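Shown here: protein-v9.csv, CSV, C-alpha atoms.
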chain,number,residue,atom,x,y,z
O,1001,MET,CA,0.0,0.0,0.0
O,1002,ASN,CA,1.4,3.4,-1.0
O,1003,ALA,CA,1.9,5.9,1.8
O,1004,LEU,CA,-0.1,9.1,1.7
O,1005,PRO,CA,2.1,12.1,0.7
O,1006,GLU,CA,3.2,14.2,3.6
O,1007,ILE,CA,1.3,17.4,4.0
O,1008,LYS,CA,3.5,20.5,4.1
O,1009,LEU,CA,2.5,24.0,5.1
O,1010,GLY,CA,3.9,27.1,3.5
O,1011,LEU,CA,3.5,29.4,0.6
O,1012,LYS,CA,6.5,28.0,-1.3
O,1013,GLU,CA,5.5,24.4,-0.6
O,1014,ASN,CA,2.0,25.0,-1.9
O,1015,GLY,CA,2.8,27.6,-4.5
O,1016,LEU,CA,0.8,26.1,-7.4
O,1017,GLN,CA,-2.4,25.8,-5.5
O,1018,PHE,CA,-1.9,29.2,-3.8
O,1019,TRP,CA,-1.5,31.1,-7.0
O,1020,LEU,CA,-4.4,29.2,-8.6
O,1021,LEU,CA,-6.5,30.4,-5.7
O,1022,VAL,CA,-5.2,34.0,-6.2
O,1023,LEU,CA,-6.4,33.7,-9.9
O,1024,VAL,CA,-9.8,32.4,-8.8
O,1025,ASN,CA,-10.2,35.2,-6.3
O,1026,GLY,CA,-9.4,37.6,-9.1
O,1027,PHE,CA,-12.4,36.3,-11.0
O,1028,VAL,CA,-14.5,36.6,-7.7
O,1029,GLY,CA,-13.5,40.3,-7.6
O,1030,ALA,CA,-14.2,40.7,-11.3
O,1031,MET,CA,-17.8,39.8,-10.7
O,1032,VAL,CA,-18.4,42.7,-8.3
O,1033,GLY,CA,-16.3,45.0,-10.5
O,1034,LEU,CA,-18.9,44.7,-13.3
O,1035,GLU,CA,-21.3,47.0,-11.5
O,1036,ARG,CA,-19.0,49.4,-9.6
O,1037,SER,CA,-18.8,52.1,-12.4
O,1038,VAL,CA,-22.1,51.7,-14.3
O,1039,ILE,CA,-24.9,51.0,-11.8
O,1040,PRO,CA,-25.9,54.7,-11.5
O,1041,GLU,CA,-26.0,55.2,-15.3
O,1042,PHE,CA,-27.7,51.8,-15.7
O,1043,ALA,CA,-30.4,52.8,-13.2
O,1044,GLU,CA,-31.0,56.2,-14.8
O,1045,THR,CA,-31.0,55.3,-18.5
O,1046,VAL,CA,-32.8,51.9,-18.2
O,1047,PHE,CA,-35.2,52.3,-15.2
O,1048,ASN,CA,-35.3,56.1,-14.7
O,1049,LEU,CA,-34.1,55.9,-11.2
O,1050,SER,CA,-31.8,58.4,-9.6
O,1051,GLY,CA,-28.2,57.4,-9.2
O,1052,HIS,CA,-28.4,57.9,-5.4
O,1053,THR,CA,-31.4,55.7,-5.0
O,1054,ALA,CA,-29.8,53.0,-7.1
O,1055,LEU,CA,-26.5,53.1,-5.3
O,1056,LEU,CA,-28.2,52.9,-1.8
O,1057,SER,CA,-30.4,50.0,-2.8
O,1058,PHE,CA,-27.4,48.2,-4.5
O,1059,ILE,CA,-25.2,48.6,-1.4
O,1060,VAL,CA,-27.9,47.5,1.0
O,1061,ALA,CA,-29.0,44.4,-1.0
O,1062,PHE,CA,-25.4,43.4,-1.8
O,1063,GLY,CA,-24.1,44.1,1.7
O,1064,LEU,CA,-26.8,42.2,3.5
O,1065,ALA,CA,-26.5,39.1,1.2
O,1066,LYS,CA,-22.7,39.1,1.5
O,1067,SER,CA,-22.7,39.5,5.2
O,1068,PHE,CA,-25.1,36.6,5.8
O,1069,ALA,CA,-23.2,34.5,3.2
O,1070,ASN,CA,-20.0,35.0,5.2
O,1071,LEU,CA,-21.8,33.8,8.3
O,1072,MET,CA,-23.3,30.9,6.4
O,1073,MET,CA,-19.9,29.9,5.0
O,1074,GLY,CA,-18.5,29.5,8.5
O,1075,ARG,CA,-21.4,27.3,9.6
O,1076,LEU,CA,-21.4,25.2,6.5
O,1077,ALA,CA,-17.7,24.6,6.8
O,1078,LYS,CA,-18.5,22.0,9.4
O,1079,GLN,CA,-20.6,20.0,6.8
O,1080,TYR,CA,-19.0,20.7,3.5
O,1081,SER,CA,-15.4,20.9,2.2
O,1082,ARG,CA,-13.8,24.2,1.3
O,1083,ASN,CA,-13.8,23.3,-2.4
O,1084,GLN,CA,-17.6,22.5,-2.3
O,1085,LEU,CA,-18.3,25.9,-0.6
O,1086,LEU,CA,-16.3,27.7,-3.3
O,1087,THR,CA,-18.2,25.8,-6.0
O,1088,PHE,CA,-21.5,26.8,-4.3
O,1089,GLY,CA,-20.3,30.4,-4.5
O,1090,TRP,CA,-19.8,30.2,-8.2
O,1091,LEU,CA,-23.2,28.6,-8.8
O,1092,PHE,CA,-24.8,31.7,-7.3
O,1093,ALA,CA,-22.7,33.8,-9.7
O,1094,LEU,CA,-23.8,32.1,-12.9
O,1095,PRO,CA,-27.3,33.8,-13.2
O,1096,VAL,CA,-26.0,37.3,-12.3
O,1097,PRO,CA,-24.9,38.7,-15.7
O,1098,TRP,CA,-28.0,37.2,-17.4
O,1099,LEU,CA,-30.3,38.8,-14.9
O,1100,LEU,CA,-28.6,42.2,-15.5
O,1101,LEU,CA,-28.6,41.8,-19.3
O,1102,TYR,CA,-32.4,41.0,-19.5
O,1103,ALA,CA,-33.7,42.8,-16.4
O,1104,GLU,CA,-37.3,44.0,-17.0
O,1105,SER,CA,-37.5,45.9,-13.7
O,1106,TRP,CA,-35.3,47.1,-10.9
O,1107,SER,CA,-36.4,44.2,-8.7
O,1108,TRP,CA,-34.4,41.9,-11.1
O,1109,VAL,CA,-31.3,44.0,-10.5
O,1110,ILE,CA,-31.8,43.8,-6.7
O,1111,PHE,CA,-32.2,40.0,-7.0
O,1112,ALA,CA,-29.1,39.8,-9.1
O,1113,ASN,CA,-27.2,41.7,-6.4
O,1114,VAL,CA,-28.5,39.4,-3.7
O,1115,LEU,CA,-27.0,36.5,-5.7
O,1116,LEU,CA,-23.8,38.5,-6.2
O,1117,GLY,CA,-23.6,39.0,-2.5
O,1118,LEU,CA,-24.0,35.3,-1.9
O,1119,ASN,CA,-21.3,34.6,-4.4
O,1120,GLN,CA,-18.9,37.1,-2.9
O,1121,GLY,CA,-19.5,35.9,0.7
O,1122,LEU,CA,-19.1,32.2,-0.1
O,1123,ALA,CA,-16.4,32.3,-2.7
O,1124,TRP,CA,-14.2,35.1,-1.3
O,1125,SER,CA,-14.4,33.7,2.2
O,1126,SER,CA,-13.5,30.2,0.9
O,1127,THR,CA,-10.4,31.4,-0.9
O,1128,VAL,CA,-9.3,33.2,2.2
O,1129,VAL,CA,-9.7,30.1,4.4
O,1130,MET,CA,-8.0,27.9,1.8
O,1131,LYS,CA,-5.0,30.2,1.5
O,1132,ILE,CA,-4.7,30.3,5.3
O,1133,ASP,CA,-4.8,26.5,5.4
O,1134,LEU,CA,-2.0,26.3,2.8
O,1135,VAL,CA,0.5,28.7,4.1
O,1136,GLY,CA,0.4,28.0,7.9
O,1137,GLU,CA,1.8,30.6,10.2
O,1138,LYS,CA,4.8,31.7,8.2
O,1139,ASN,CA,4.0,34.4,5.6
O,1140,ARG,CA,0.3,34.4,6.5
O,1141,GLY,CA,0.2,38.2,6.3
O,1142,LEU,CA,1.9,38.2,2.9
O,1143,ALA,CA,-0.6,35.6,1.7
O,1144,MET,CA,-3.6,37.7,2.9
O,1145,GLY,CA,-2.0,40.8,1.3
O,1146,ILE,CA,-1.7,39.1,-2.0
O,1147,ASN,CA,-5.3,37.7,-1.7
O,1148,GLU,CA,-6.9,41.1,-1.0
O,1149,PHE,CA,-4.7,42.8,-3.6
O,1150,ALA,CA,-5.7,40.4,-6.3
O,1151,GLY,CA,-9.4,40.6,-5.5
O,1152,TYR,CA,-9.5,44.4,-5.4
O,1153,LEU,CA,-7.2,44.9,-8.4
O,1154,ALA,CA,-9.7,42.8,-10.3
O,1155,VAL,CA,-12.6,44.9,-9.0
O,1156,GLY,CA,-10.8,48.1,-10.2
O,1157,LEU,CA,-9.8,46.7,-13.6
O,1158,VAL,CA,-13.2,45.3,-14.4
O,1159,ALA,CA,-14.9,48.5,-13.2
O,1160,PHE,CA,-12.8,50.3,-15.8
O,1161,LEU,CA,-13.5,47.7,-18.5
O,1162,ALA,CA,-17.3,47.9,-17.8
O,1163,GLY,CA,-17.2,51.7,-18.0
O,1164,TYR,CA,-15.3,51.5,-21.3
O,1165,ILE,CA,-17.6,48.9,-22.8
O,1166,ALA,CA,-20.7,51.0,-21.8
O,1167,SER,CA,-19.1,54.2,-23.2
O,1168,GLU,CA,-17.9,52.7,-26.5
O,1169,SER,CA,-20.9,50.6,-27.3
O,1170,GLY,CA,-23.5,53.2,-26.2
O,1171,HIS,CA,-25.4,50.3,-24.4
O,1172,VAL,CA,-24.8,50.2,-20.7
O,1173,THR,CA,-26.1,46.6,-20.4
O,1174,TYR,CA,-23.3,45.4,-22.7
O,1175,ALA,CA,-21.0,46.1,-19.7
O,1176,PHE,CA,-22.3,42.9,-18.0
O,1177,ILE,CA,-21.4,40.5,-20.8
O,1178,PRO,CA,-17.9,39.7,-19.5
O,1179,GLY,CA,-19.5,38.4,-16.3
O,1180,ILE,CA,-20.7,35.4,-18.3
O,1181,GLY,CA,-17.1,34.4,-19.0
O,1182,PHE,CA,-15.8,35.3,-15.5
O,1183,SER,CA,-18.4,33.1,-13.8
O,1184,ILE,CA,-18.0,30.1,-16.1
O,1185,ILE,CA,-14.1,30.2,-15.9
O,1186,GLY,CA,-14.2,30.6,-12.1
O,1187,LEU,CA,-16.5,27.6,-11.8
O,1188,LEU,CA,-14.5,25.4,-14.1
O,1189,LEU,CA,-11.2,26.3,-12.4
O,1190,THR,CA,-12.7,25.4,-9.0
O,1191,ILE,CA,-14.2,22.1,-10.2
O,1192,PHE,CA,-11.2,20.8,-12.2
O,1193,LEU,CA,-8.1,22.4,-10.7
O,1194,VAL,CA,-8.6,23.7,-7.2
O,1195,LYS,CA,-7.9,21.0,-4.5
O,1196,ASP,CA,-9.5,21.0,-1.1
O,1197,THR,CA,-7.3,22.2,1.8
O,1198,GLN,CA,-8.9,20.5,4.8
O,1199,SER,CA,-6.0,18.1,5.2
O,1200,HIS,CA,-3.7,21.1,5.5
O,1201,ALA,CA,-5.9,22.5,8.3
O,1202,SER,CA,-5.8,19.1,10.0
O,1203,THR,CA,-2.0,19.1,9.9
O,1204,GLU,CA,-1.8,22.5,11.5
O,1205,ALA,CA,-4.4,21.5,14.1
O,1206,LYS,CA,-2.0,18.7,15.3
O,1207,GLN,CA,0.8,21.2,15.7
O,1208,THR,CA,-0.9,24.3,17.1
O,1209,THR,CA,-1.0,25.4,20.8
O,1210,ILE,CA,-3.9,27.8,20.2
O,1211,PRO,CA,-6.8,27.0,22.6
O,1212,LEU,CA,-10.3,26.4,21.5
O,1213,LEU,CA,-12.8,29.3,21.9
O,1214,SER,CA,-15.5,28.6,24.4
O,1215,ASN,CA,-18.1,30.4,22.4
O,1216,ILE,CA,-17.1,31.3,18.8
O,1217,TRP,CA,-19.8,33.9,18.2
O,1218,LYS,CA,-19.4,35.8,21.5
O,1219,ASP,CA,-15.6,35.6,21.4
O,1220,THR,CA,-15.2,36.8,17.8
O,1221,THR,CA,-17.9,39.4,18.1
O,1222,TRP,CA,-16.6,41.1,21.2
O,1223,ARG,CA,-15.4,39.0,24.3
O,1224,HIS,CA,-12.0,38.0,23.1
O,1225,GLY,CA,-9.6,41.0,23.3
O,1226,ASN,CA,-7.9,40.5,20.0
O,1227,LEU,CA,-10.8,39.0,18.0
O,1228,GLY,CA,-13.4,41.4,19.3
O,1229,SER,CA,-11.2,44.5,18.6
O,1230,VAL,CA,-10.6,43.4,15.1
O,1231,THR,CA,-14.3,42.7,14.5
O,1232,LEU,CA,-15.2,46.2,15.7
O,1233,ASN,CA,-12.4,47.8,13.6
O,1234,GLY,CA,-13.6,45.8,10.6
O,1235,PHE,CA,-17.1,47.0,11.0
O,1236,VAL,CA,-16.0,50.7,11.4
O,1237,ASN,CA,-13.6,50.4,8.5
O,1238,ASN,CA,-16.4,49.3,6.1
O,1239,LEU,CA,-18.9,51.7,7.7
O,1240,ASN,CA,-16.7,54.6,6.8
O,1241,ASP,CA,-16.1,53.1,3.3
O,1242,GLY,CA,-19.8,52.8,2.8
O,1243,ILE,CA,-20.4,56.4,3.9
O,1244,LEU,CA,-17.6,57.7,1.6
O,1245,TRP,CA,-18.9,55.5,-1.3
O,1246,GLY,CA,-22.1,57.5,-1.2
O,1247,LEU,CA,-21.0,60.9,-0.1
O,1248,LEU,CA,-17.5,61.4,-1.6
O,1249,PRO,CA,-18.9,62.2,-5.1
O,1250,VAL,CA,-21.4,64.6,-3.5
O,1251,LEU,CA,-18.6,66.3,-1.5
O,1252,LEU,CA,-16.4,66.8,-4.6
O,1253,ALA,CA,-19.3,68.1,-6.6
O,1254,THR,CA,-20.1,70.7,-3.9
O,1255,LYS,CA,-16.4,71.8,-4.0
O,1256,GLY,CA,-16.7,72.5,-7.7
O,1257,TYR,CA,-14.9,69.4,-9.2
O,1258,SER,CA,-16.1,68.2,-12.6
O,1259,LEU,CA,-17.4,64.6,-13.1
O,1260,ALA,CA,-14.2,63.6,-14.8
O,1261,GLN,CA,-12.1,65.1,-12.0
O,1262,THR,CA,-14.3,63.3,-9.4
O,1263,GLY,CA,-13.8,60.0,-11.1
O,1264,LEU,CA,-10.1,60.4,-11.3
O,1265,LEU,CA,-9.7,61.7,-7.7
O,1266,ALA,CA,-12.1,59.1,-6.2
O,1267,GLY,CA,-9.9,56.4,-7.8
O,1268,ILE,CA,-6.8,57.4,-5.8
O,1269,TYR,CA,-8.1,55.8,-2.6
O,1270,PRO,CA,-8.9,52.3,-3.9
O,1271,VAL,CA,-5.6,52.2,-6.0
O,1272,VAL,CA,-3.5,53.0,-2.9
O,1273,TRP,CA,-5.5,50.6,-0.9
O,1274,GLY,CA,-5.1,47.7,-3.4
O,1275,LEU,CA,-1.4,48.2,-4.2
O,1276,GLY,CA,-0.5,48.9,-0.5
O,1277,GLN,CA,-1.7,45.5,0.6
O,1278,LEU,CA,1.2,43.8,-1.1
O,1279,VAL,CA,3.4,45.6,1.4
O,1280,THR,CA,1.2,45.9,4.5
O,1281,GLY,CA,0.3,42.2,4.6
O,1282,LYS,CA,4.0,41.3,4.8
O,1283,LEU,CA,4.5,44.0,7.5
O,1284,GLY,CA,2.1,42.0,9.6
O,1285,ASP,CA,4.5,39.1,9.5
O,1286,VAL,CA,7.3,41.2,10.7
O,1287,TYR,CA,5.8,43.8,13.2
O,1288,CYS,CA,3.1,43.6,15.8
O,1289,LYS,CA,-0.2,43.7,14.1
O,1290,LYS,CA,-1.8,45.6,17.0
O,1291,GLN,CA,0.2,48.7,16.2
O,1292,LEU,CA,-0.4,48.3,12.4
O,1293,LEU,CA,-4.2,48.2,13.0
O,1294,THR,CA,-4.2,51.1,15.4
O,1295,LEU,CA,-2.1,53.2,13.0
O,1296,GLY,CA,-4.2,52.2,10.1
O,1297,MET,CA,-7.5,53.3,11.8
O,1298,ILE,CA,-6.0,56.6,13.0
O,1299,PHE,CA,-4.7,57.3,9.4
O,1300,GLN,CA,-8.2,56.7,8.1
O,1301,GLY,CA,-9.8,59.0,10.7
O,1302,MET,CA,-7.2,61.8,10.0
O,1303,ALA,CA,-7.8,61.4,6.2
O,1304,ILE,CA,-11.6,61.7,6.6
O,1305,GLY,CA,-11.1,64.8,8.7
O,1306,LEU,CA,-8.9,66.3,6.0
O,1307,LEU,CA,-11.7,65.9,3.5
O,1308,LEU,CA,-13.3,68.8,5.2
O,1309,PHE,CA,-10.7,70.9,3.4
O,1310,ALA,CA,-11.1,69.2,0.1
O,1311,GLY,CA,-11.4,72.5,-1.7
O,1312,ALA,CA,-7.6,72.5,-2.0
O,1313,ILE,CA,-6.4,69.8,-4.4
O,1314,PRO,CA,-3.1,69.1,-2.6
O,1315,VAL,CA,-5.0,68.5,0.7
O,1316,LEU,CA,-7.6,66.4,-1.1
O,1317,ILE,CA,-5.0,64.2,-2.7
O,1318,THR,CA,-3.1,63.8,0.6
O,1319,ALA,CA,-6.4,62.8,2.3
O,1320,LEU,CA,-7.2,60.2,-0.3
O,1321,VAL,CA,-3.7,58.7,-0.3
O,1322,LEU,CA,-3.7,58.6,3.5
O,1323,LEU,CA,-7.1,57.0,3.5
O,1324,GLY,CA,-5.9,54.3,1.1
O,1325,ALA,CA,-2.8,53.7,3.1
O,1326,GLY,CA,-4.7,53.4,6.3
O,1327,THR,CA,-7.1,50.9,4.8
O,1328,ALA,CA,-4.3,48.9,3.3
O,1329,LEU,CA,-2.6,48.7,6.8
O,1330,VAL,CA,-5.7,47.1,8.3
O,1331,TYR,CA,-7.4,45.0,5.7
O,1332,PRO,CA,-5.1,42.0,5.3
O,1333,ASN,CA,-4.0,42.1,8.9
O,1334,PHE,CA,-7.6,41.8,10.1
O,1335,LEU,CA,-7.7,38.4,8.5
O,1336,SER,CA,-4.2,37.4,9.9
O,1337,VAL,CA,-5.2,38.4,13.4
O,1338,VAL,CA,-8.3,36.2,13.3
O,1339,ALA,CA,-6.3,33.3,11.9
O,1340,GLU,CA,-3.6,33.5,14.5
O,1341,ASN,CA,-6.1,33.7,17.4
O,1342,THR,CA,-8.3,30.8,16.4
O,1343,HIS,CA,-7.8,27.1,16.4
O,1344,PRO,CA,-7.7,25.7,12.8
O,1345,SER,CA,-10.9,23.7,13.5
O,1346,GLN,CA,-12.8,26.8,14.5
O,1347,ARG,CA,-11.1,29.2,12.0
O,1348,PRO,CA,-13.7,29.1,9.2
O,1349,GLN,CA,-16.5,29.9,11.7
O,1350,SER,CA,-14.6,32.7,13.3
O,1351,LEU,CA,-13.6,34.2,9.9
O,1352,GLY,CA,-17.2,34.0,8.8
O,1353,ILE,CA,-18.4,35.8,11.9
O,1354,PHE,CA,-15.7,38.5,11.5
O,1355,ARG,CA,-16.5,39.0,7.8
O,1356,PHE,CA,-20.3,39.1,8.6
O,1357,TRP,CA,-19.8,42.1,11.0
O,1358,ARG,CA,-17.1,43.7,8.7
O,1359,ASP,CA,-19.3,43.6,5.6
O,1360,PHE,CA,-22.4,44.6,7.6
O,1361,GLY,CA,-20.6,47.9,8.0
O,1362,TYR,CA,-21.3,48.6,4.3
O,1363,VAL,CA,-25.0,48.4,5.0
O,1364,ALA,CA,-24.7,50.6,8.1
O,1365,GLY,CA,-22.6,53.0,6.2
O,1366,ALA,CA,-24.9,53.3,3.2
O,1367,VAL,CA,-27.9,53.8,5.5
O,1368,ALA,CA,-26.0,56.3,7.6
O,1369,ALA,CA,-24.9,58.2,4.6
O,1370,GLY,CA,-28.5,58.5,3.4
O,1371,VAL,CA,-30.1,59.4,6.8
O,1372,PHE,CA,-27.5,61.6,8.4
O,1373,SER,CA,-26.7,63.6,5.2
O,1374,ASP,CA,-30.4,64.6,5.3
O,1375,LEU,CA,-30.4,65.4,9.0
O,1376,PHE,CA,-27.0,67.2,9.2
O,1377,GLU,CA,-24.6,69.0,7.0
O,1378,LEU,CA,-22.1,67.0,5.1
O,1379,ASP,CA,-19.2,68.4,7.1
O,1380,ALA,CA,-20.8,67.1,10.4
O,1381,VAL,CA,-21.2,63.6,9.0
O,1382,LEU,CA,-17.6,63.5,7.9
O,1383,LEU,CA,-16.4,64.8,11.3
O,1384,GLY,CA,-18.5,62.2,13.2
O,1385,THR,CA,-17.1,59.5,10.9
O,1386,ALA,CA,-13.6,60.6,11.5
O,1387,VAL,CA,-14.0,60.7,15.3
O,1388,LEU,CA,-15.6,57.2,15.3
O,1389,THR,CA,-12.8,55.7,13.2
O,1390,VAL,CA,-10.0,57.2,15.4
O,1391,GLY,CA,-11.9,56.0,18.5
O,1392,ALA,CA,-12.1,52.4,17.2
O,1393,GLY,CA,-8.3,52.5,16.5
O,1394,VAL,CA,-7.6,53.8,20.0
O,1395,LEU,CA,-9.8,51.1,21.6
O,1396,SER,CA,-7.9,48.4,19.8
O,1397,GLU,CA,-4.6,49.8,21.1
O,1398,LEU,CA,-6.0,49.5,24.7
O,1399,ARG,CA,-7.6,46.1,24.3
O,1400,MET,CA,-5.3,44.1,22.0
O,1401,CYS,CA,-2.0,42.4,22.8
O,1402,CYS,CA,0.6,40.8,20.5
O,1403,THR,CA,0.4,37.1,21.1
O,1404,LYS,CA,3.4,36.0,18.9
O,1405,LYS,CA,7.1,36.8,18.6
O,1406,VAL,CA,7.8,39.5,16.1
O,1407,LEU,CA,11.1,40.2,14.3
O,1408,TRP,CA,12.3,43.7,14.4
O,1409,PRO,CA,15.0,44.8,11.8
O,1410,SER,CA,17.6,45.7,14.4
O,1411,GLN,CA,17.0,42.9,16.9
O,1412,THR,CA,16.8,39.1,16.9
O,1413,SER,CA,13.3,38.5,18.3
O,1414,LEU,CA,11.1,40.3,20.8
O,1415,SER,CA,7.8,39.4,22.3
O,1416,VAL,CA,5.6,42.4,22.4
O,1417,GLN,CA,2.9,42.5,25.0

Could you render the structure from this file as structure tokens?
Amino acid sequence: MNALPEIKLGLKENGLQFWLLVLVNGFVGAMVGLERSVIPEFAETVFNLSGHTALLSFIVAFGLAKSFANLMMGRLAKQYSRNQLLTFGWLFALPVPWLLLYAESWSWVIFANVLLGLNQGLAWSSTVVMKIDLVGEKNRGLAMGINEFAGYLAVGLVAFLAGYIASESGHVTYAFIPGIGFSIIGLLLTIFLVKDTQSHASTEAKQTTIPLLSNIWKDTTWRHGNLGSVTLNGFVNNLNDGILWGLLPVLLATKGYSLAQTGLLAGIYPVVWGLGQLVTGKLGDVYCKKQLLTLGMIFQGMAIGLLLFAGAIPVLITALVLLGAGTALVYPNFLSVVAENTHPSQRPQSLGIFRFWRDFGYVAGAVAAGVFSDLFELDAVLLGTAVLTVGAGVLSELRMCCTKKVLWPSQTSLSVQ
């Protein structure tokens, strides 16, 4: 009888599968990128809806579906393999471009975005868990940085592609055609090439000294010092992103910027965010993540405060770069902190709970942007968001501790408490 091959953990040892999952996650990001730049125009030209109404309903429907899909993924991981959950995610994606292409009412678009949210929650969460399984403890931050970079790079590139197709063809619905190919390729790669990583998680479980959580929901949501702090920061991060998603174009318009300038300036933030994660994820493998998260949230709060002075272009650009850098500091390290504070057998559930609360921040942000912008002046909403973001970062500094040894450039090793 042939012996089973030894399971090895590490990015280099599992390079082929890791980079295949990066590619798959690129297609996951591409699906949501289809709508990012054309939904307002699609709503106005096809269904005579205002861009603001369309954007709000899109974010709420998508955000709710993705949040609950994240939660569902964690629970289903006890019954199904990672590969099966990734496959389920792609099955939800298949009807999305067709529904958008042939939508007869706005309810079709809302339903398509519910399916898209389910796709994003199941598929993106699955690729995160599978990469964590493969790489083990070493280079986990780098792995998460690459994962988030690939996903959000695809979002940006396909958003540009969709806008180009809509502009050149004169038919905004044509922008959704590439989604047919993205969903089919993603599904086929998953079925025929992606291998399940449960055995890697089992190998790590035999080696780990991380204790089991007594109550995964309570500990991840708040009770555990590290996990609860990361969950709160994730929620606030996406809340401010949801608010800015809706209000930043309005702010720039009130400052006298043209539509072309607004599009160019608004793109600075996600570009810095996406590219920065290639660096900030690795920083989490070297330095204490607690300080990186605190710094990132404070950077975001300062940047949102600077937007109050957006009439000066140098100040505006500085604010958007700082906002992107702050988000890049926290995003991959959120996932790494959850991974290093949970037992491998509980990790999918804890990640699902964290991602549930994090992405629910989009819903809260979209609603807050709509409600508070009507009740208060725009500057007051931005100031309140800035204070909340800084406060979340300060709270994480007070609650969190570094639970692992970290390497500093000028020292050998140091345990930071």

Distance criterion (only C-alpha atoms): nearest to Leu1278 (chain O) out of O:Ala1328, O:Val1230, O:Ala1339, O:Val1194: O:Ala1328

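The closest residue to Arg1075 (chain O), picked from O:Leu1122, O:Val1028, O:Ala1054, O:Ile1110 and counting only C-alpha atoms, is O:Leu1122.
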
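Across O:Ser1126, O:Gln1349, O:Asn1083, O:Asn1341, the tightest approach to His1224 (chain O) is made by O:Asn1341 when counting all atoms listed in the file.
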
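The closest residue to Thr1127 (chain O), picked from O:Ala1103, O:Val1315, O:Val1371, O:Ala1150 and counting all atoms listed in the file, is O:Ala1150.
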
Surrounding residues of Met1031 (chain O) excluding itself and chain neighbours under 5 positions, 8 Å, all atoms listed in the file, as a PyMOL selection string: chain O and resi 1093+1116+1155+1179+1182-1183

Output file for the selection above: C-alpha atoms, as a short mmCIF file (atom, residue, chain, number, x, y, z; two decimals), keeping the file's coordinate frame:
data_model
loop_
_atom_site.label_atom_id
_atom_site.label_comp_id
_atom_site.auth_asym_id
_atom_site.auth_seq_id
_atom_site.Cartn_x
_atom_site.Cartn_y
_atom_site.Cartn_z
CA ALA O 1093 -22.70 33.80 -9.70
CA LEU O 1116 -23.80 38.50 -6.20
CA VAL O 1155 -12.60 44.90 -9.00
CA GLY O 1179 -19.50 38.40 -16.30
CA PHE O 1182 -15.80 35.30 -15.50
CA SER O 1183 -18.40 33.10 -13.80
#

Atom pair CA of Phe1018 (chain O) / CA of Leu1227 (chain O): separation (Å): 25.5 Å

Sphere at (-3.2, 39.1, 1.5), radius 12 Å, counting all atoms listed in the file: residues as number ranges by chain: O: 1011, 1018-1019, 1021-1022, 1025, 1127-1129, 1131-1132, 1135, 1139-1152, 1273-1285, 1328-1336

Expected file: the selected residues, C-alpha atoms, as a short mmCIF file (atom, residue, chain, number, x, y, z; two decimals), in the frame of the given file:
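Result went into result08.cif, see below:
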data_model
loop_
_atom_site.label_atom_id
_atom_site.label_comp_id
_atom_site.auth_asym_id
_atom_site.auth_seq_id
_atom_site.Cartn_x
_atom_site.Cartn_y
_atom_site.Cartn_z
CA LEU O 1011 3.50 29.40 0.60
CA PHE O 1018 -1.90 29.20 -3.80
CA TRP O 1019 -1.50 31.10 -7.00
CA LEU O 1021 -6.50 30.40 -5.70
CA VAL O 1022 -5.20 34.00 -6.20
CA ASN O 1025 -10.20 35.20 -6.30
CA THR O 1127 -10.40 31.40 -0.90
CA VAL O 1128 -9.30 33.20 2.20
CA VAL O 1129 -9.70 30.10 4.40
CA LYS O 1131 -5.00 30.20 1.50
CA ILE O 1132 -4.70 30.30 5.30
CA VAL O 1135 0.50 28.70 4.10
CA ASN O 1139 4.00 34.40 5.60
CA ARG O 1140 0.30 34.40 6.50
CA GLY O 1141 0.20 38.20 6.30
CA LEU O 1142 1.90 38.20 2.90
CA ALA O 1143 -0.60 35.60 1.70
CA MET O 1144 -3.60 37.70 2.90
CA GLY O 1145 -2.00 40.80 1.30
CA ILE O 1146 -1.70 39.10 -2.00
CA ASN O 1147 -5.30 37.70 -1.70
CA GLU O 1148 -6.90 41.10 -1.00
CA PHE O 1149 -4.70 42.80 -3.60
CA ALA O 1150 -5.70 40.40 -6.30
CA GLY O 1151 -9.40 40.60 -5.50
CA TYR O 1152 -9.50 44.40 -5.40
CA TRP O 1273 -5.50 50.60 -0.90
CA GLY O 1274 -5.10 47.70 -3.40
CA LEU O 1275 -1.40 48.20 -4.20
CA GLY O 1276 -0.50 48.90 -0.50
CA GLN O 1277 -1.70 45.50 0.60
CA LEU O 1278 1.20 43.80 -1.10
CA VAL O 1279 3.40 45.60 1.40
CA THR O 1280 1.20 45.90 4.50
CA GLY O 1281 0.30 42.20 4.60
CA LYS O 1282 4.00 41.30 4.80
CA LEU O 1283 4.50 44.00 7.50
CA GLY O 1284 2.10 42.00 9.60
CA ASP O 1285 4.50 39.10 9.50
CA ALA O 1328 -4.30 48.90 3.30
CA LEU O 1329 -2.60 48.70 6.80
CA VAL O 1330 -5.70 47.10 8.30
CA TYR O 1331 -7.40 45.00 5.70
CA PRO O 1332 -5.10 42.00 5.30
CA ASN O 1333 -4.00 42.10 8.90
CA PHE O 1334 -7.60 41.80 10.10
CA LEU O 1335 -7.70 38.40 8.50
CA SER O 1336 -4.20 37.40 9.90
#

Near-Leu1086 (chain O) list (10 Å; all atoms listed in the file; drop same-chain fewer than 3 positions) as a PyMOL selection string: chain O and resi 1024+1073+1081-1083+1089-1091+1119-1127+1130+1186-1187+1190-1191+1194+1196

Nearest candidate to Gly1393 (chain O) (options O:Leu1193, O:Leu1265, O:Leu1293, O:Leu1101; using only C-alpha atoms): O:Leu1293

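For the choices O:Thr1318, O:Asn1113, O:Thr1173, O:Ser1067, the atom-to-atom distance to Phe1042 (chain O) is smallest for O:Thr1173 when using all atoms listed in the file.
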